[in-house]
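Q: What follows is a structure written as structure tokens; I'll ask about it next.
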Amino acid sequence: VTLIAVCTAVQVASRLAGNAPIQVDGETFQEPRLVLEWGLWGSEPTLLGFLAHMFVHGDELHLISNMLFLWIFGSLIEDALRPWGLALLYLGGGLAAAAAHLLISLALGHNVNVPMVGASGAVAAIMGLFMLRFYKTKVQIVWGFCVIPFGSFWVASVGALIYWIVLEIIGAMLDAAAGGTGGVAHWAHIGGFVAGAAAAPFCGSLEQAKKEYFSDDPEANVEYLKRNEALEAVLK
């Protein structure tokens, strides 16, 4: 909830700060001032850009979509790692995602003289850890046309998240073939996801996942594990 509140507050501040001009290929465009000042410019990366870009969004739709994924996957991760653990994962994942985006984009010869903003790389890290920590948890998939839902079905989160990362890899390859003009930081998503999954053993998530699955309710599983840990501490 805290991370969602921070990102929302930054978006409000971005609206209040207004727009500023930016020149691209000889043409002048108006972009949110905070996007230009706090975004991560690949041509001139700064410490501020690395840290602040993951809290800034281009518009409200960009913010809402990222916060929805953060709420869905971050709430259980926060229960498992505590708020400070989630914050560290978010920051570390965002940094790893940014590094992956810049390094791979530069290696492919893509234009990085544009600001990268958004929480999606950091959220992807949370999703990567979620895939291993709550691998049996089911998520509801809604399908339809545009904004009209036709139906829904439940699948194991590991299947849904593998499907998502495969789509990101395909998107990254197609974007690379087009010269990196797609406007979506697919490599940041992939880098964040891999970083989150790689963090699982260091967070104790793999061992916790093995211990706790006695029901299909993930929140009940987390509480069960907490009670067991408290009991073990008392018995010691």
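Following the order of the structure tokens, first chain is A, next is B, and so on, with residues numbered from 1 inside each chain and ligands from 1 in the order they appear.
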Taking a cut-off of 7 Å and counting only C-alpha atoms, can you build a table that, for each residue of range 134-197 of chain A near range 101-110 of chain A, reports the nearest atom pair and how far apart they are in Å (one decimal), sorted by chain then residue number, as a Markdown table?
A:
| residue | atom | partner | partner_atom | distance |
| --- | --- | --- | --- | --- |
| A:Gly179 | CA | A:His110 | CA | 6.2 |
| A:Gly180 | CA | A:His110 | CA | 5.4 |
| A:Ala185 | CA | A:His101 | CA | 6.6 |
| A:Trp187 | CA | A:His101 | CA | 4.9 |
| A:Ala188 | CA | A:His101 | CA | 4.6 |
Q: Would you put the residues from that selection into a file with C-alpha atoms, as an mmCIF file, in the first residue's frame?
A:
data_model
loop_
_atom_site.group_PDB
_atom_site.id
_atom_site.type_symbol
_atom_site.label_atom_id
_atom_site.label_comp_id
_atom_site.auth_asym_id
_atom_site.auth_seq_id
_atom_site.Cartn_x
_atom_site.Cartn_y
_atom_site.Cartn_z
ATOM 1 C CA GLY A 179 15.234 -1.290 -34.302
ATOM 2 C CA GLY A 180 13.949 -0.647 -30.806
ATOM 3 C CA ALA A 185 10.958 -1.401 -22.202
ATOM 4 C CA TRP A 187 14.209 -5.787 -21.533
ATOM 5 C CA ALA A 188 13.491 -3.962 -18.275
#
Q: Using only C-alpha atoms, which residues sit within 10 Å of range 60-66 of chain A once same-chain residues fewer than 2 positions away are excluded, as a PyMOL selection string?
A: chain A and resi 4+7-8+11-12+15+55-58+68-71+117-124
Q: What does the structure give for the distance between CA of Gln30 in chain A and CA of Met54 in chain A, in Å to one decimal?
A: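 Value for the CA of Gln30 in chain A-CA of Met54 in chain A distance: 20.9 Å.
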Q: Got a sec: who's within 10 Å of Ala156 in chain A, counting only C-alpha atoms, leaving out chain neighbours fewer than 2 positions off, as a list of chain:residue names?
A: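 Residues meeting the cut-off are A:Met131, A:Phe134, A:Tyr135, A:Lys136, A:Thr137, A:Lys138, A:Val139, A:Gln140, A:Trp154, A:Val158, A:Gly159, A:Ala160, A:Leu161.
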Q: Would you list the contacts of Thr181 in chain A as a list in words, taking every protein, DNA or RNA residue within 12 Å and counting only C-alpha atoms, but skipping same-chain residues closer than 4 positions in sequence?
A: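 After dropping sequence-adjacent residues, the list is Ser105, Gly109, His110, Asn111, Val112, Asn113, Val114, Gly171, Ala172, Met173, Leu174, Asp175, Ala176, Ala177, Ala185 and His186 of chain A.
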Q: Given the selection you just returned, output its residues as a file containing N, CA, C and O atoms, formatted as a PDB file, in the first residue's frame.
A:
ATOM      1  N   SER A 105      19.918  -2.602 -24.570  1.00  0.00           N
ATOM      2  CA  SER A 105      19.571  -1.629 -25.613  1.00  0.00           C
ATOM      3  C   SER A 105      20.826  -1.057 -26.265  1.00  0.00           C
ATOM      4  O   SER A 105      20.897  -0.906 -27.488  1.00  0.00           O
ATOM      5  N   GLY A 109      22.338  -1.473 -30.134  1.00  0.00           N
ATOM      6  CA  GLY A 109      22.429  -0.249 -30.918  1.00  0.00           C
ATOM      7  C   GLY A 109      21.158   0.560 -30.979  1.00  0.00           C
ATOM      8  O   GLY A 109      20.964   1.355 -31.904  1.00  0.00           O
ATOM      9  N   HIS A 110      20.272   0.387 -29.997  1.00  0.00           N
ATOM     10  CA  HIS A 110      19.008   1.119 -29.978  1.00  0.00           C
ATOM     11  C   HIS A 110      19.200   2.526 -29.412  1.00  0.00           C
ATOM     12  O   HIS A 110      20.156   2.795 -28.677  1.00  0.00           O
ATOM     13  N   ASN A 111      18.282   3.401 -29.752  1.00  0.00           N
ATOM     14  CA  ASN A 111      18.307   4.767 -29.244  1.00  0.00           C
ATOM     15  C   ASN A 111      17.882   4.778 -27.777  1.00  0.00           C
ATOM     16  O   ASN A 111      16.782   4.350 -27.438  1.00  0.00           O
ATOM     17  N   VAL A 112      18.754   5.253 -26.908  1.00  0.00           N
ATOM     18  CA  VAL A 112      18.437   5.334 -25.476  1.00  0.00           C
ATOM     19  C   VAL A 112      18.360   6.786 -25.017  1.00  0.00           C
ATOM     20  O   VAL A 112      18.335   7.049 -23.817  1.00  0.00           O
ATOM     21  N   ASN A 113      18.314   7.702 -25.978  1.00  0.00           N
ATOM     22  CA  ASN A 113      18.227   9.120 -25.639  1.00  0.00           C
ATOM     23  C   ASN A 113      16.774   9.534 -25.413  1.00  0.00           C
ATOM     24  O   ASN A 113      16.289  10.525 -25.962  1.00  0.00           O
ATOM     25  N   VAL A 114      16.080   8.722 -24.641  1.00  0.00           N
ATOM     26  CA  VAL A 114      14.699   9.001 -24.237  1.00  0.00           C
ATOM     27  C   VAL A 114      14.570   8.599 -22.769  1.00  0.00           C
ATOM     28  O   VAL A 114      15.244   7.669 -22.322  1.00  0.00           O
ATOM     29  N   GLY A 171       8.009 -10.046 -27.397  1.00  0.00           N
ATOM     30  CA  GLY A 171       7.915  -8.620 -27.657  1.00  0.00           C
ATOM     31  C   GLY A 171       9.282  -7.969 -27.774  1.00  0.00           C
ATOM     32  O   GLY A 171       9.502  -7.100 -28.628  1.00  0.00           O
ATOM     33  N   ALA A 172      10.225  -8.386 -26.922  1.00  0.00           N
ATOM     34  CA  ALA A 172      11.582  -7.834 -26.973  1.00  0.00           C
ATOM     35  C   ALA A 172      12.272  -8.198 -28.278  1.00  0.00           C
ATOM     36  O   ALA A 172      12.971  -7.362 -28.882  1.00  0.00           O
ATOM     37  N   MET A 173      12.076  -9.416 -28.746  1.00  0.00           N
ATOM     38  CA  MET A 173      12.704  -9.853 -30.005  1.00  0.00           C
ATOM     39  C   MET A 173      12.109  -9.121 -31.201  1.00  0.00           C
ATOM     40  O   MET A 173      12.837  -8.701 -32.111  1.00  0.00           O
ATOM     41  N   LEU A 174      10.798  -8.941 -31.189  1.00  0.00           N
ATOM     42  CA  LEU A 174      10.155  -8.204 -32.281  1.00  0.00           C
ATOM     43  C   LEU A 174      10.592  -6.746 -32.283  1.00  0.00           C
ATOM     44  O   LEU A 174      10.827  -6.155 -33.339  1.00  0.00           O
ATOM     45  N   ASP A 175      10.701  -6.172 -31.081  1.00  0.00           N
ATOM     46  CA  ASP A 175      11.140  -4.788 -30.969  1.00  0.00           C
ATOM     47  C   ASP A 175      12.585  -4.634 -31.437  1.00  0.00           C
ATOM     48  O   ASP A 175      12.938  -3.641 -32.084  1.00  0.00           O
ATOM     49  N   ALA A 176      13.412  -5.621 -31.104  1.00  0.00           N
ATOM     50  CA  ALA A 176      14.809  -5.574 -31.546  1.00  0.00           C
ATOM     51  C   ALA A 176      14.897  -5.638 -33.064  1.00  0.00           C
ATOM     52  O   ALA A 176      15.703  -4.938 -33.687  1.00  0.00           O
ATOM     53  N   ALA A 177      14.036  -6.476 -33.670  1.00  0.00           N
ATOM     54  CA  ALA A 177      14.027  -6.588 -35.131  1.00  0.00           C
ATOM     55  C   ALA A 177      13.583  -5.286 -35.786  1.00  0.00           C
ATOM     56  O   ALA A 177      13.995  -4.967 -36.907  1.00  0.00           O
ATOM     57  N   ALA A 185       9.671  -0.916 -22.708  1.00  0.00           N
ATOM     58  CA  ALA A 185      10.958  -1.401 -22.202  1.00  0.00           C
ATOM     59  C   ALA A 185      10.869  -2.887 -21.847  1.00  0.00           C
ATOM     60  O   ALA A 185      10.895  -3.267 -20.672  1.00  0.00           O
ATOM     61  N   HIS A 186      10.761  -3.722 -22.878  1.00  0.00           N
ATOM     62  CA  HIS A 186      10.621  -5.164 -22.645  1.00  0.00           C
ATOM     63  C   HIS A 186      11.818  -5.733 -21.884  1.00  0.00           C
ATOM     64  O   HIS A 186      11.656  -6.600 -21.025  1.00  0.00           O
TER      65      HIS A 186
END
Q: With only C-alpha atoms as the counted atoms, please give the residues lying no more than 12 Å from Ala17 in chain A, apart from itself and same-chain residues fewer than 5 positions off, as a list in words.
A: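 Here the qualifying residues turn out to be Val10, Gln11, Val12, Glu31, Pro32, Arg33, Leu34, Val35, Leu36 and Glu37 of chain A.
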Q: I need the residue nearest Leu40 in chain A from this list: A:Ala20, A:Ala80, A:Ala99, A:Ile141. Use only C-alpha atoms for the distance.
A: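 Comparing A:Ala20, A:Ala80, A:Ala99, A:Ile141 against Leu40 in chain A, the winner is A:Ala99.
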